[in-house]
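All remarks here apply to the structure that follows.
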Amino acid sequence: MSSPSTNYSYVPYQVMDPDNGLRATLLRYLRHWYWFALAAGLMLLAAFLYLRYAQPVYLSQSRLLIKDEKKGLDSESILKDLEIFAPKKVIENETEILRSFTLMEQVVNQLGLDVQYTQDTPSGRREVFRDSPVRLIIEKADPELYQDEPIELSFPDAKTVQMASQSYPLNTSVQTPFGRLRFFGKRAISSSTEPVFVQVSPRDEVVTGYLQALKAEPTSKASTVILLSIETGVPDKGEAILNRLIDVYTEASVLDKNRVASNTLNFIEERLQLVSGELQSVEKGVEAYKSAQGITDLGTEAQGFLETAQQNDANLTETNIQLAALDGIQQYVNSQPEYRSGTPATLGLSDPTLVKLIETFTKLDAQRQELARTTAEQNPLMETVNSQLKTIKSSIAENIGTMRKTLTSTRQQFRAKNQKIEGAIRTIPTKERNLMNITRQQVIKNDLYTYLLRKREETAVSYASAISDSRVIDAARTAKKPVKPRKQLIYLFFLLGGLLMPALVLGAYDAINNRVVRRSDVEDATQVPILGEVVQKKQPGILVVASRSQTVIAEQIRILRTNLNYLRNNREGSQVLLFTSSVEGEGKTFISLNLGASLALVGQRTVILEMDLRKPKLHESIGFPNGLGLSDYLAGDTTLSQIVNPIPDSANYSIVTSGSLPPNPAELLSSPRLEQLISELRHHFDYILIDAPPIGLVTDAQLIAPFADATLYIIRHDVTPKNSLKMVEMLFREKRFNKLNIVLNAVRNDATTYYSYGGNRYGTARPSDQLATAPKKSFLKRFRPNA
């Protein structure tokens, strides 16, 4: 202590805060790894149970090829040449047809999908599609049938089914509380047959549900193959739905193609009946005229005129047929939708534009009729179709007008030519002329009859050989493994949930926690310097500092000991340190006791005063008896030599216990003997450590503060309330304590965060601790004769 006086400028203690940012959060969570492990294990167990009882979902798929050929008869080649529809648009149209409500409704009706059958299994209740022992036939349903809970069907014997505590015979129409039903047995039934649970749903809801589950999409942009897929809980059910949907689609496609041929056949049959009667009448007239006039041969000249007239009349008749066909088309287009029947005949008309317009009008009219069943007239889709129909109707009317003008002009030319031929024929004898007229009508009617017969056979062959424009590439197939639930994904989600729950709990705890949990909490709330940090103690016993101690906490106490030099104004003289805190249990006794032990190890004469006269615990923590102490000295009942006692097994380290509990601690601390006590101790010790009561509870520490050179305010991790930091800041600004500094205690973090020398271990005592020499008993003799 003979070194010259040296002034020290105080530099606040700085250390890299390990609690900042992501690293601090991870470290905090890693301290609670067991909660994460437990939560993850429980969630994985929950995932296993979920997969154990979850309904597996299977994916059924089928492939359908849409051919490029368009529907129709004679118009087929014309439409193809004009390329009205591109293959991509055809695919889109057919995709919408496959996903239409009408087709799916037929599938639901034919397969009875509005009734679902389930049975109990070890894995829970599962649907049985084809394996149900009975089939429920709904003849007349009551509203009670469509309930949320399934109806249980049990089988008391081979001919009876029990429902709602009532028995009904099998294969018989019966009246039940749910309506008129029939239970049809699909296989042999006995009393050992497992019960079946029946769930009946409204048909529209079932159709809508399957349409939402059904997917129909091209395999690629350039392909005409449609991939149909649906997810169901029973593989057989998905396959049955797809196969039946393809069958219904094919039937509808063939029926649509045959509609034109059927209308044409009806038109030809009507014309054949009319022409057949006219032909018979003409033939009888020829026969009667020849018999009456005895005519056998009209001559070469008459034959030439006849052939010319026949050809001209044939052209005139064809023109009249075309005009009649135009009238029929005009009447069909102008008629109301409810009075239209099929497609108008275009027999004899060869104009490709008109044929294209008629077929387009027919398709749009059919589409309008289909929309009219489910939508209102004000629907935007219906208005679009009506607008298209109006436009095409106008185009057809304009085309018919142009053709009628052309055909009318042609007919006038043919009639003029007939008049010219008839004038030439008048030069022939009257009998031959009359016979020529009769024979000409016979030939015309015969040719027309033959033409109609040929067209009828061609149309009949086309009607009988009509096939769908689609072909099944792959029938419905189902993968053996279910697509849902996906085990790896479920385990991953549950695992993430298990890891997330503890994190959320810890985060919520931090959000509502009003205690100091990190260094930044202190730095943000107060400008008081932080002198040092001490990690949470893990080893037993209150004294953690020893000559050969290599623990992290011992090193931090040594760092704290070194930093005390920055609290001195000079190196000479003793130093009085006051230890206090906000509330009880923040570790001021622990810090003061171990810091004193550390000072004693380097040969500093140190005494610790148990100044907490209300709840003294210092002597109990080291197992030291509480005899005469501070309260006795302050009361004037004893001397200093009688209250200073050496701590066993600790050289240079003494203790002054609290003594007997006084009724008036504040009054004792306000007495002049406290200043006398501190003054006497300064002459005999290098460091006087005062373990004072918490500031937030009593005023004792503030009464002692004027006699202390520096004050160490202890803040404990997860114990000190954050609102106490405002009080610390106030004390610091008002300078109620000399050189007020903060010590962070019980910081919960990895030891390597605070102290590490790259894994180097020490086998000998630390050099700083070896500065201690043999115990200096000279100063103790003044207080203890036997010291």
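Identifiers in this document derive from the order of the structure tokens: chains are assigned A, B, ..., residues are numbered from 1 separately in each chain, and ligands are numbered from 1 in order of occurrence.
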
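Scanning segment 371-519 of chain A with DSSP on the backbone, the strand (DSSP E or B) assignments fall on Ser470, Arg471, Val472, Ile473, Asp474, Ala475, Ala476, Arg477, Thr478, Lys484 and Arg515 of chain A.
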
| request: List every residue of segment 446-533 of chain A that DSSP, applied to the backbone, labels as helix (DSSP H, G or I), and write the result as a ChimeraX atom specification. | output: /A:446-464,487-512,519-525

Could you write out that same residue set with C-alpha atoms as a PDB file, in the first residue's frame?
ATOM      1  CA  ASN A 446     -89.853 -41.419-111.228  1.00  0.00           C
ATOM      2  CA  ASP A 447     -86.439 -39.702-111.088  1.00  0.00           C
ATOM      3  CA  LEU A 448     -87.447 -37.745-108.009  1.00  0.00           C
ATOM      4  CA  TYR A 449     -88.700 -40.909-106.296  1.00  0.00           C
ATOM      5  CA  THR A 450     -85.435 -42.735-107.099  1.00  0.00           C
ATOM      6  CA  TYR A 451     -83.376 -39.819-105.748  1.00  0.00           C
ATOM      7  CA  LEU A 452     -85.288 -39.782-102.487  1.00  0.00           C
ATOM      8  CA  LEU A 453     -84.906 -43.543-102.059  1.00  0.00           C
ATOM      9  CA  ARG A 454     -81.127 -43.274-102.503  1.00  0.00           C
ATOM     10  CA  LYS A 455     -80.849 -40.440 -99.970  1.00  0.00           C
ATOM     11  CA  ARG A 456     -82.962 -42.340 -97.478  1.00  0.00           C
ATOM     12  CA  GLU A 457     -80.614 -45.321 -97.603  1.00  0.00           C
ATOM     13  CA  GLU A 458     -77.537 -43.129 -97.261  1.00  0.00           C
ATOM     14  CA  THR A 459     -79.009 -41.338 -94.243  1.00  0.00           C
ATOM     15  CA  ALA A 460     -80.077 -44.620 -92.626  1.00  0.00           C
ATOM     16  CA  VAL A 461     -76.576 -46.037 -93.001  1.00  0.00           C
ATOM     17  CA  SER A 462     -75.074 -42.876 -91.455  1.00  0.00           C
ATOM     18  CA  TYR A 463     -77.598 -43.028 -88.597  1.00  0.00           C
ATOM     19  CA  ALA A 464     -76.842 -46.684 -87.860  1.00  0.00           C
ATOM     20  CA  LYS A 487     -47.340 -38.925 -44.117  1.00  0.00           C
ATOM     21  CA  GLN A 488     -44.104 -37.001 -44.544  1.00  0.00           C
ATOM     22  CA  LEU A 489     -45.959 -33.691 -44.808  1.00  0.00           C
ATOM     23  CA  ILE A 490     -48.195 -34.453 -41.816  1.00  0.00           C
ATOM     24  CA  TYR A 491     -45.217 -35.415 -39.656  1.00  0.00           C
ATOM     25  CA  LEU A 492     -43.408 -32.267 -40.781  1.00  0.00           C
ATOM     26  CA  PHE A 493     -46.377 -30.001 -39.991  1.00  0.00           C
ATOM     27  CA  PHE A 494     -46.937 -31.583 -36.592  1.00  0.00           C
ATOM     28  CA  LEU A 495     -43.214 -31.398 -35.832  1.00  0.00           C
ATOM     29  CA  LEU A 496     -43.130 -27.734 -36.774  1.00  0.00           C
ATOM     30  CA  GLY A 497     -46.219 -27.204 -34.638  1.00  0.00           C
ATOM     31  CA  GLY A 498     -44.520 -28.949 -31.728  1.00  0.00           C
ATOM     32  CA  LEU A 499     -41.474 -26.703 -32.103  1.00  0.00           C
ATOM     33  CA  LEU A 500     -43.595 -23.613 -32.598  1.00  0.00           C
ATOM     34  CA  MET A 501     -45.799 -24.016 -29.526  1.00  0.00           C
ATOM     35  CA  PRO A 502     -42.995 -23.706 -26.927  1.00  0.00           C
ATOM     36  CA  ALA A 503     -41.567 -20.817 -28.914  1.00  0.00           C
ATOM     37  CA  LEU A 504     -44.955 -19.067 -28.844  1.00  0.00           C
ATOM     38  CA  VAL A 505     -45.318 -19.766 -25.130  1.00  0.00           C
ATOM     39  CA  LEU A 506     -41.851 -18.383 -24.431  1.00  0.00           C
ATOM     40  CA  GLY A 507     -42.547 -15.416 -26.679  1.00  0.00           C
ATOM     41  CA  ALA A 508     -45.822 -14.746 -24.905  1.00  0.00           C
ATOM     42  CA  TYR A 509     -44.065 -15.106 -21.572  1.00  0.00           C
ATOM     43  CA  ASP A 510     -41.470 -12.570 -22.644  1.00  0.00           C
ATOM     44  CA  ALA A 511     -44.208 -10.237 -23.839  1.00  0.00           C
ATOM     45  CA  ILE A 512     -46.043 -10.255 -20.486  1.00  0.00           C
ATOM     46  CA  ARG A 519     -28.701  -6.611 -20.642  1.00  0.00           C
ATOM     47  CA  SER A 520     -30.470  -4.421 -23.169  1.00  0.00           C
ATOM     48  CA  ASP A 521     -33.418  -4.053 -20.766  1.00  0.00           C
ATOM     49  CA  VAL A 522     -31.085  -2.293 -18.348  1.00  0.00           C
ATOM     50  CA  GLU A 523     -29.240  -0.229 -20.946  1.00  0.00           C
ATOM     51  CA  ASP A 524     -32.508   1.016 -22.465  1.00  0.00           C
ATOM     52  CA  ALA A 525     -33.985   2.059 -19.114  1.00  0.00           C
TER      53      ALA A 525
END

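The smallest atom-to-atom distance between Ser582 of chain A and any of A:Pro694, A:Gly596, A:Pro662, A:Gly636, using only C-alpha atoms, is found for A:Pro694.
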
Exercise for review: Write out as JSON, numbers by chain each polymer residue whose atoms come within 7 Å of Ile151 of chain A, counting only C-alpha atoms; drop sequence neighbours fewer than 2 positions from it.
Suggested key: {"A": [149, 153, 197, 198, 199]}

(message) List as JSON, numbers by chain the protein and nucleic acid residues near Ser192 of chain A, meaning an atom at most 12 Å away when only C-alpha atoms are counted, but skip any in the same chain fewer than 3 places from it.
(response) {"A": [133, 154, 155, 156, 157, 158, 188, 189, 195]}

Using only C-alpha atoms, the shortest atom-to-atom distance to Glu231 of chain A among A:Val134, A:Ala479, A:Val534, A:Ala39 belongs to A:Ala479

Spatial neighbours of segment 681-683 of chain A, max dist 9 Å, only C-alpha atoms, sep filter under 5 positions, as number ranges by chain:
A: 573-576, 607, 640, 676, 688

Residue subset to file, keeping C-alpha atoms, as a compact mmCIF listing (two decimals), in the first residue's frame:
# COMPACT_ATOMS: atom_id res chain seq x y z
CA GLY A 573 -6.44 3.94 1.42
CA SER A 574 -9.27 1.53 1.99
CA GLN A 575 -12.45 1.28 -0.09
CA VAL A 576 -15.97 0.94 1.27
CA VAL A 607 -14.26 -7.48 5.97
CA LEU A 640 -15.26 -3.34 17.55
CA GLN A 676 -17.27 5.65 13.92
CA ILE A 688 -15.10 -2.97 3.67

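As for atom CA of Arg404 of chain A and atom CA of Thr362 of chain A, they are spaced 21.5 Å apart.
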
Near Gln116 of chain A, within 12 Å and counting only C-alpha atoms, which residues show up once chain neighbours fewer than 6 positions away are dropped, as a PyMOL selection string? chain A and resi 108+126-132+134-137+146+149-152+196-203+206+233-234+237

Ala600 of chain A environment, 9 Å, only C-alpha atoms, sequence neighbours closer than 4 positions dropped, as a ChimeraX atom specification
/A:595-596,604-606,650-653,769,772

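Atom to atom, atom CA of Leu38 of chain A and atom CA of Gln539 of chain A stand 26.2 Å apart.
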
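Take the candidates A:Leu145, A:Ala216, A:Ile690, A:Leu567 and check each one against Pro529 of chain A using only C-alpha atoms; the shortest distance goes to A:Leu567.
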
In terms of only C-alpha atoms, the residue from A:Ser598, A:Pro485, A:Ile241, A:Gln369 at minimal distance from Val544 of chain A is A:Ser598

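For the set A:Ala288, A:Ala372, A:Leu407, A:Val552, the residue with the smallest atom-to-atom gap to Leu326 of chain A is A:Leu407, counting only C-alpha atoms.
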
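Taking atom CA of Asp236 of chain A as the reference point, atom CA of Ile66 of chain A is found at 25.2 Å.
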